[in-house]
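Asks: The structure file work.csv (CSV, C-alpha atoms) is provided below.
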chain,number,residue,atom,x,y,z
A,53,MET,CA,66.7,115.5,64.5
A,54,THR,CA,70.5,115.7,64.5
A,55,ASN,CA,73.1,113.6,66.3
A,56,ARG,CA,76.3,115.1,67.6
A,57,GLN,CA,79.3,112.7,67.5
A,58,ILE,CA,82.9,112.7,68.5
A,59,VAL,CA,84.9,110.9,65.8
A,60,LEU,CA,88.4,109.4,66.2
A,61,ASP,CA,89.8,111.6,63.4
A,62,ARG,CA,93.1,109.7,63.2
A,63,LEU,CA,94.8,107.1,65.3
A,64,PRO,CA,97.5,108.5,67.6
A,65,GLY,CA,100.0,105.6,67.0
A,66,GLY,CA,103.0,106.1,69.2
A,67,GLU,CA,102.1,109.7,70.0
A,68,ARG,CA,100.4,110.9,73.2
A,69,LEU,CA,96.7,111.3,72.8
A,70,ALA,CA,95.8,114.9,71.9
A,71,PRO,CA,92.7,116.9,71.1
A,72,GLU,CA,93.6,117.0,67.4
A,73,HIS,CA,93.1,113.2,67.2
A,74,PHE,CA,89.3,113.8,67.5
A,75,ALA,CA,86.7,115.8,65.6
A,76,LEU,CA,83.2,116.9,66.5
A,77,GLN,CA,80.7,116.2,63.8
A,78,THR,CA,76.9,116.3,63.3
A,79,ALA,CA,75.0,113.5,61.6
A,80,GLU,CA,71.3,112.7,61.1
A,81,ARG,CA,69.6,111.1,64.1
A,82,PRO,CA,69.1,107.4,63.4
A,83,THR,CA,65.8,105.5,63.6
A,84,ALA,CA,65.3,102.1,65.1
A,85,GLY,CA,64.4,99.2,62.8
A,86,PRO,CA,62.9,95.8,63.6
A,87,GLY,CA,64.4,94.3,66.7
A,88,GLU,CA,66.3,97.5,67.4
A,89,VAL,CA,66.3,100.2,70.0
A,90,LEU,CA,67.0,104.0,69.7
A,91,LEU,CA,69.0,105.2,72.6
A,92,LYS,CA,69.7,108.7,73.9
A,93,THR,CA,73.0,108.9,75.8
A,94,ARG,CA,73.0,110.4,79.3
A,95,TYR,CA,76.5,109.6,80.6
A,96,ILE,CA,79.6,108.3,78.9
A,97,SER,CA,82.1,106.3,80.9
A,98,LEU,CA,85.8,107.1,80.6
A,99,ASP,CA,88.4,104.5,81.2
A,100,ALA,CA,92.1,103.9,80.4
A,101,ALA,CA,90.9,101.1,78.1
A,102,ASN,CA,89.5,103.7,75.7
A,103,ARG,CA,93.1,104.5,74.8
A,104,ALA,CA,94.2,100.8,74.7
A,105,TRP,CA,91.5,100.2,72.0
A,106,MET,CA,93.4,102.5,69.7
A,107,GLN,CA,96.4,100.3,69.7
A,108,GLY,CA,94.7,97.3,68.0
A,109,ALA,CA,92.3,94.5,68.7
A,110,THR,CA,91.8,93.6,72.4
A,111,TYR,CA,88.7,91.9,73.7
A,112,ARG,CA,87.0,94.1,71.1
A,113,ALA,CA,87.7,95.0,67.5
A,114,ALA,CA,90.5,97.6,66.8
A,115,LEU,CA,89.4,101.2,66.3
A,116,ALA,CA,89.9,102.9,63.0
A,117,GLY,CA,90.3,106.5,62.0
A,118,GLY,CA,87.1,108.2,60.9
A,119,GLN,CA,84.7,106.1,63.0
A,120,VAL,CA,82.7,107.3,66.0
A,121,MET,CA,84.9,106.9,69.1
A,122,ALA,CA,84.0,103.7,71.0
A,123,GLY,CA,82.8,103.8,74.5
A,124,GLY,CA,80.1,102.6,76.9
A,125,GLY,CA,77.7,104.6,78.9
A,126,LEU,CA,74.3,105.0,80.5
A,127,SER,CA,71.6,105.5,77.9
A,128,GLU,CA,67.8,106.1,77.9
A,129,VAL,CA,65.5,104.2,75.6
A,130,VAL,CA,63.7,106.6,73.2
A,131,GLN,CA,62.2,104.2,70.8
A,132,SER,CA,61.9,100.4,71.2
A,133,ASN,CA,61.0,97.6,68.8
A,134,VAL,CA,61.6,94.8,71.3
A,135,ASP,CA,59.2,93.6,74.0
A,136,HIS,CA,61.6,93.7,77.0
A,137,LEU,CA,62.4,97.5,76.8
A,138,LYS,CA,60.2,100.5,76.7
A,139,PRO,CA,60.8,104.3,76.4
A,140,GLY,CA,62.3,105.7,79.5
A,141,ASP,CA,64.1,102.5,80.5
A,142,LEU,CA,67.9,102.9,81.3
A,143,VAL,CA,70.5,100.5,79.9
A,144,PHE,CA,74.2,100.2,79.8
A,145,ALA,CA,75.2,100.3,76.1
A,146,ASP,CA,78.3,100.4,74.0
A,147,ALA,CA,76.8,103.3,72.1
A,148,GLY,CA,80.0,105.3,71.4
A,149,TRP,CA,80.7,109.0,71.8
A,150,GLN,CA,77.4,110.3,70.4
A,151,GLU,CA,74.1,111.7,71.5
A,152,TYR,CA,72.0,109.0,69.9
A,153,ALA,CA,72.6,105.4,68.8
A,154,VAL,CA,70.7,102.4,67.4
A,155,LEU,CA,71.6,99.0,68.8
A,156,PRO,CA,70.0,95.5,68.6
A,157,GLY,CA,67.6,95.1,71.5
A,158,LYS,CA,68.6,91.5,72.2
A,159,HIS,CA,72.0,92.8,73.6
A,160,LEU,CA,70.5,95.3,76.0
A,161,SER,CA,68.9,94.8,79.5
A,162,LYS,CA,67.0,97.2,81.6
A,163,LEU,CA,69.0,98.5,84.6
A,164,PRO,CA,67.6,98.7,88.1
A,165,ASP,CA,66.1,101.9,89.4
A,166,LEU,CA,68.9,103.1,91.7
A,167,LYS,CA,69.8,106.6,92.8
A,168,PRO,CA,71.9,108.4,92.0
A,169,GLU,CA,71.8,106.9,88.6
A,170,THR,CA,75.5,107.7,88.1
A,171,HIS,CA,76.3,104.9,90.5
A,172,LEU,CA,75.1,102.6,87.7
A,173,LEU,CA,78.4,103.6,85.9
A,174,SER,CA,80.7,103.6,88.9
A,175,VAL,CA,80.3,101.4,91.9
A,176,TYR,CA,77.4,99.3,90.4
A,177,GLY,CA,78.9,99.4,86.9
A,178,VAL,CA,82.0,98.2,85.2
A,179,ALA,CA,84.3,99.9,87.7
A,180,GLY,CA,82.7,98.3,90.8
A,181,LEU,CA,82.4,94.9,89.2
A,182,THR,CA,86.0,95.0,87.9
A,183,ALA,CA,87.2,95.8,91.4
A,184,TYR,CA,85.0,93.2,93.1
A,185,PHE,CA,85.9,90.2,90.8
A,186,GLY,CA,89.5,91.2,90.1
A,187,PHE,CA,90.3,91.5,93.7
A,188,LEU,CA,88.2,88.7,95.3
A,189,GLU,CA,88.4,86.1,92.5
A,190,CYS,CA,91.9,86.7,91.1
A,191,GLY,CA,93.6,88.1,94.3
A,192,GLN,CA,92.1,85.5,96.6
A,193,PRO,CA,92.7,87.7,99.7
A,194,LYS,CA,92.7,86.5,103.3
A,195,ALA,CA,92.3,88.6,106.4
A,196,GLY,CA,95.7,90.0,107.5
A,197,ASP,CA,97.1,90.0,103.9
A,198,THR,CA,99.1,93.0,102.8
A,199,VAL,CA,97.5,94.4,99.6
A,200,VAL,CA,99.0,96.9,97.2
A,201,ILE,CA,97.1,98.6,94.5
A,202,SER,CA,98.4,100.8,91.6
A,203,ALA,CA,96.4,103.7,90.2
A,204,ALA,CA,94.7,103.5,93.7
A,205,ALA,CA,92.9,106.8,93.4
A,206,GLY,CA,91.2,105.8,90.1
A,207,SER,CA,87.8,104.4,89.6
A,208,VAL,CA,88.7,100.7,90.1
A,209,GLY,CA,91.7,101.1,92.5
A,210,SER,CA,89.8,103.2,95.0
A,211,ILE,CA,87.1,100.5,95.2
A,212,VAL,CA,89.6,97.7,95.4
A,213,GLY,CA,91.3,99.3,98.4
A,214,GLN,CA,88.0,99.7,100.3
A,215,ILE,CA,86.9,96.1,99.6
A,216,ALA,CA,90.3,95.0,100.9
A,217,LYS,CA,89.8,96.9,104.1
A,218,ILE,CA,86.3,95.4,104.5
A,219,LYS,CA,88.0,91.9,104.1
A,220,GLY,CA,90.4,92.7,106.9
A,221,CYS,CA,93.5,93.4,104.9
A,222,ARG,CA,96.3,95.9,105.3
A,223,VAL,CA,96.1,98.2,102.3
A,224,VAL,CA,98.7,100.3,100.5
A,225,GLY,CA,97.7,102.5,97.6
A,226,ILE,CA,100.1,103.7,94.9
A,227,ALA,CA,99.0,107.1,93.4
A,228,GLY,CA,100.4,110.2,92.0
A,229,GLY,CA,101.1,113.1,94.4
A,230,GLU,CA,100.7,113.7,98.1
A,231,GLU,CA,97.2,115.1,97.8
A,232,LYS,CA,95.8,111.8,96.4
A,233,GLY,CA,97.8,109.9,99.0
A,234,ARG,CA,96.2,111.9,101.8
A,235,TRP,CA,92.7,111.3,100.3
A,236,LEU,CA,93.4,107.5,100.2
A,237,THR,CA,94.5,107.4,103.8
A,238,ASP,CA,92.3,110.1,105.4
A,239,GLU,CA,89.0,109.5,103.6
A,240,LEU,CA,89.1,106.0,102.2
A,241,GLY,CA,90.9,104.4,105.1
A,242,PHE,CA,94.0,103.0,103.4
A,243,ASP,CA,96.8,102.2,105.8
A,244,ALA,CA,99.5,103.9,103.7
A,245,ALA,CA,100.0,105.6,100.3
A,246,VAL,CA,103.0,105.7,98.1
A,247,ASP,CA,103.7,108.4,95.5
A,248,TYR,CA,104.9,106.9,92.3
A,249,LYS,CA,106.0,110.3,91.0
A,250,SER,CA,108.5,110.7,93.8
A,251,PRO,CA,112.1,110.0,93.1
A,252,GLU,CA,112.0,108.1,96.4
A,253,PHE,CA,109.2,105.8,95.1
A,254,LYS,CA,111.0,102.5,95.5
A,255,ARG,CA,112.2,103.4,99.0
A,256,GLN,CA,108.7,104.5,100.0
A,257,LEU,CA,107.3,101.2,98.7
A,258,ARG,CA,109.8,99.1,100.6
A,259,ALA,CA,109.1,101.1,103.8
A,260,ALA,CA,105.3,100.6,103.3
A,261,VAL,CA,105.6,96.9,102.9
A,262,PRO,CA,108.6,95.8,105.0
A,263,ASP,CA,107.4,92.2,105.1
A,264,GLY,CA,106.4,92.0,101.5
A,265,ILE,CA,103.1,91.9,99.4
A,266,ASP,CA,100.5,89.1,99.5
A,267,VAL,CA,98.2,90.6,96.8
A,268,TYR,CA,99.1,93.1,94.2
A,269,PHE,CA,96.3,94.6,92.1
A,270,ASP,CA,98.0,95.9,89.0
A,271,ASN,CA,96.4,98.7,86.9
A,272,THR,CA,99.6,100.1,85.4
A,273,GLY,CA,102.2,97.6,84.4
A,274,GLY,CA,105.7,99.1,83.7
A,275,ASP,CA,108.0,100.2,86.4
A,276,ILE,CA,105.4,100.1,89.1
A,277,PHE,CA,104.6,96.5,88.3
A,278,GLU,CA,108.3,95.7,88.3
A,279,ALA,CA,108.8,97.3,91.7
A,280,CYS,CA,105.9,95.4,93.3
A,281,LEU,CA,106.9,92.1,91.6
A,282,PHE,CA,110.2,92.2,93.4
A,283,ALA,CA,108.4,92.9,96.7
A,284,MET,CA,106.0,89.9,96.5
A,285,LYS,CA,105.9,87.3,99.2
A,286,ASN,CA,106.2,83.6,98.5
A,287,HIS,CA,102.8,82.4,97.0
A,288,GLY,CA,101.7,86.0,96.3
A,289,ARG,CA,98.9,86.7,93.9
A,290,ILE,CA,98.8,89.4,91.2
A,291,ALA,CA,95.6,90.4,89.6
A,292,CYS,CA,96.4,92.0,86.2
A,293,CYS,CA,93.7,94.5,85.4
A,294,GLY,CA,95.3,97.0,83.1
A,295,ALA,CA,98.6,98.4,81.8
A,296,LEU,CA,98.1,102.1,81.9
A,297,SER,CA,101.8,102.8,81.6
A,298,SER,CA,101.9,101.4,78.1
A,299,TYR,CA,98.7,102.8,76.7
A,300,ASP,CA,99.6,106.4,75.8
A,301,GLY,CA,102.8,107.4,74.0
A,302,ALA,CA,105.8,105.4,73.1
A,303,PRO,CA,106.1,101.9,74.7
A,304,PRO,CA,108.5,101.5,77.6
A,305,PRO,CA,112.1,100.5,76.6
A,306,HIS,CA,111.9,97.2,78.3
A,307,GLY,CA,109.5,94.8,80.2
A,308,PRO,CA,109.9,93.8,83.8
A,309,ARG,CA,113.1,92.0,84.2
A,310,GLY,CA,113.6,88.7,86.1
A,311,ILE,CA,110.0,87.5,85.8
A,312,PRO,CA,110.6,83.8,85.0
A,313,GLY,CA,112.9,83.3,88.0
A,314,LEU,CA,110.8,85.3,90.4
A,315,ILE,CA,107.6,83.5,89.4
A,316,VAL,CA,109.2,80.1,90.0
A,317,THR,CA,111.2,80.8,93.2
A,318,LYS,CA,108.4,82.8,94.8
A,319,ARG,CA,105.6,80.5,93.4
A,320,LEU,CA,103.6,83.5,92.3
A,321,THR,CA,100.2,83.5,90.6
A,322,LEU,CA,99.5,86.1,88.0
A,323,ARG,CA,96.0,86.2,86.5
A,324,GLY,CA,94.7,88.5,83.8
A,325,PHE,CA,91.0,89.1,83.5
A,326,VAL,CA,88.2,91.2,82.1
A,327,VAL,CA,85.0,91.8,83.9
A,328,MET,CA,82.9,89.9,81.4
A,329,ASP,CA,84.5,86.7,82.6
A,330,PHE,CA,82.3,86.8,85.7
A,331,ALA,CA,79.0,88.1,84.2
A,332,ASP,CA,77.1,85.1,85.6
A,333,GLN,CA,78.0,86.2,89.1
A,334,ASN,CA,77.0,89.8,88.8
A,335,ALA,CA,73.9,89.5,91.0
A,336,ARG,CA,76.0,88.4,94.0
A,337,ALA,CA,78.5,91.2,93.4
A,338,LEU,CA,75.9,93.9,93.2
A,339,ALA,CA,74.2,92.7,96.4
A,340,ASP,CA,77.5,93.0,98.2
A,341,LEU,CA,78.4,96.3,96.7
A,342,GLN,CA,75.0,97.8,97.6
A,343,ALA,CA,75.2,96.5,101.1
A,344,TRP,CA,78.6,98.0,101.6
A,345,VAL,CA,77.5,101.4,100.2
A,346,ALA,CA,74.4,101.4,102.3
A,347,SER,CA,76.4,100.7,105.5
A,348,GLY,CA,79.0,103.4,104.7
A,349,GLN,CA,81.8,100.9,104.5
A,350,LEU,CA,82.3,101.7,100.8
A,351,LYS,CA,82.5,105.4,99.7
A,352,VAL,CA,81.7,106.3,96.2
A,353,GLN,CA,83.8,109.0,94.4
A,354,GLU,CA,82.6,110.3,91.0
A,355,ASP,CA,84.2,112.8,88.7
A,356,ILE,CA,81.5,114.2,86.4
A,357,ILE,CA,82.3,116.5,83.5
A,358,ASP,CA,79.6,118.2,81.5
A,359,GLY,CA,79.3,118.3,77.7
A,360,LEU,CA,79.9,115.8,74.8
A,361,GLU,CA,82.4,118.2,73.3
A,362,ASN,CA,84.6,117.8,76.4
A,363,LEU,CA,85.1,114.1,76.0
A,364,PRO,CA,88.5,114.2,74.3
A,365,ALA,CA,90.0,116.5,77.0
A,366,ALA,CA,88.4,114.4,79.7
A,367,LEU,CA,90.0,111.2,78.4
A,368,ILE,CA,93.4,112.9,78.0
A,369,GLY,CA,93.1,114.2,81.6
A,370,LEU,CA,92.2,110.8,82.9
A,371,LEU,CA,95.3,109.3,81.2
A,372,GLY,CA,97.3,112.0,82.9
A,373,GLY,CA,95.9,111.2,86.3
A,374,GLU,CA,93.6,114.2,86.8
A,375,ASN,CA,90.7,112.2,88.1
A,376,ARG,CA,89.8,111.0,91.6
A,377,GLY,CA,87.4,108.1,91.4
A,378,LYS,CA,85.2,107.3,88.4
A,379,ARG,CA,85.3,109.9,85.6
A,380,MET,CA,82.3,110.2,83.3
A,381,VAL,CA,80.9,112.9,81.0
A,382,ARG,CA,77.3,114.0,81.2
A,383,VAL,CA,76.0,114.4,77.7
Rewrite the structure of this file - the entire thing - as structure tokens.

Replies:
Amino acid sequence: MTNRQIVLDRLPGGERLAPEHFALQTAERPTAGPGEVLLKTRYISLDAANRAWMQGATYRAALAGGQVMAGGGLSEVVQSNVDHLKPGDLVFADAGWQEYAVLPGKHLSKLPDLKPETHLLSVYGVAGLTAYFGFLECGQPKAGDTVVISAAAGSVGSIVGQIAKIKGCRVVGIAGGEEKGRWLTDELGFDAAVDYKSPEFKRQLRAAVPDGIDVYFDNTGGDIFEACLFAMKNHGRIACCGALSSYDGAPPPHGPRGIPGLIVTKRLTLRGFVVMDFADQNARALADLQAWVASGQLKVQEDIIDGLENLPAALIGLLGGENRGKRMVRV
């Protein structure tokens, strides 16, 4: 009747995230009260946003030292005091980094019976929906567009690039290292890949997009954002999904330079978003994503690590670019 938990022992501040910022503790397993549901965690999703939450309030409350680390995942209903859920049902829940959690049942919905169930966290979960809506709704692509994606080998970027190919675009992925670049082009069908770690990054980018960029899907911010900004075509669109470069460690010494003039002269559209903005359209997105996976047009890459105790190292590794595709921890 115990509950293992990973606690955010202290906030990292301007430091890089390290194992000593977390602690493993054991608490008593909770019990569901009226209107509540007891959940057993199966898989915990890892995302760069986990680190952003440590910097202050975002679209969720700021994290504090001493609390169970926040995070969403795939959970099984163990005990239910609501009518619409029963033991054995699967839900996506903001249950935190722990084996068991109690949450109000009114905020939970039964997930469809899809196999493998890990796809409910990747292509049919937040990653897939973020890629779908961020690219199609914010990027407004047209066939023949040149599309550039940063963090292209990650959970969202790898799906964005494949959707762009499905929509008839020319796709350039920005990722770290030649191996990831080969994976993007040889297996996922990207037209080109650029290594942001290379001292020749800007030259490589210019060579990959000689006529400019129509749509830039930004997961990183920072120097990569700046380089792509200057390569945008007139009336280009930028979907601002994340700012990985500023999440971990000291902030960059400056922001992108020349933004006001570029936005005006090139008539650019920059749009930030979070996936919840489009929740009323999820059914349409899931239908498309399932059809593309079934047809083989969309390949799913998952990076699964075993053990609750490995969550801190798994997140640190994700921030360092270890993963290929969607990283999650099997509890």

Asks: Compare A:Ala195, A:Ile58, A:Leu341, A:Ile215 by their minimum atom-to-atom distance to A:Ala147, counting only C-alpha atoms, and give me the closest one.

Replies: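 Looking only at the distances to A:Ala147, the closest residue turns out to be A:Ile58.
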
Asks: Between atom CA of A:Ile357 and atom CA of A:Arg379, what distance in Å does the model show, to one decimal?

Replies: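 Taking atom CA of A:Ile357 and atom CA of A:Arg379, their separation equals 7.5 Å.
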
Asks: Taking only C-alpha atoms into account, which of A:Val130, A:Leu371, A:Ile211, A:Ala259 comes nearest A:Leu69?

Replies: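 Ranked by minimum distance to A:Leu69, first place goes to A:Leu371.
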
Asks: Skip A:Gly359 itself and residues of its chain fewer than 6 positions away, then list as a list in words all residues within 10 Å of it, counting all atoms listed in the file.

Replies: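 After dropping sequence-adjacent residues, the list is Tyr95, Val381, Arg382 and Val383 of chain A.
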
Asks: For atom CA of A:Leu363 and atom CA of A:Lys378, determine how far apart the two atoms are, in Å to one decimal place.

Replies: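 That distance, rounded to one decimal, is 14.1 Å.
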
Asks: Between A:Gln333, A:Asn375, A:Gln150, A:Thr237, which has the minimum distance to A:Gly124 (counting all atoms listed in the file)?

Replies: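 Between A:Gln333, A:Asn375, A:Gln150, A:Thr237, the residue approaching A:Gly124 most closely is A:Gln150.
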
Asks: Give me the residues near stretch 251-253 of chain A as a PyMOL selection string, where near means some atom within 10 Å (using only C-alpha atoms) and where sequence neighbours in that chain fewer than 5 positions away do not count.

Replies: chain A and resi 226+246+258-259+276+279
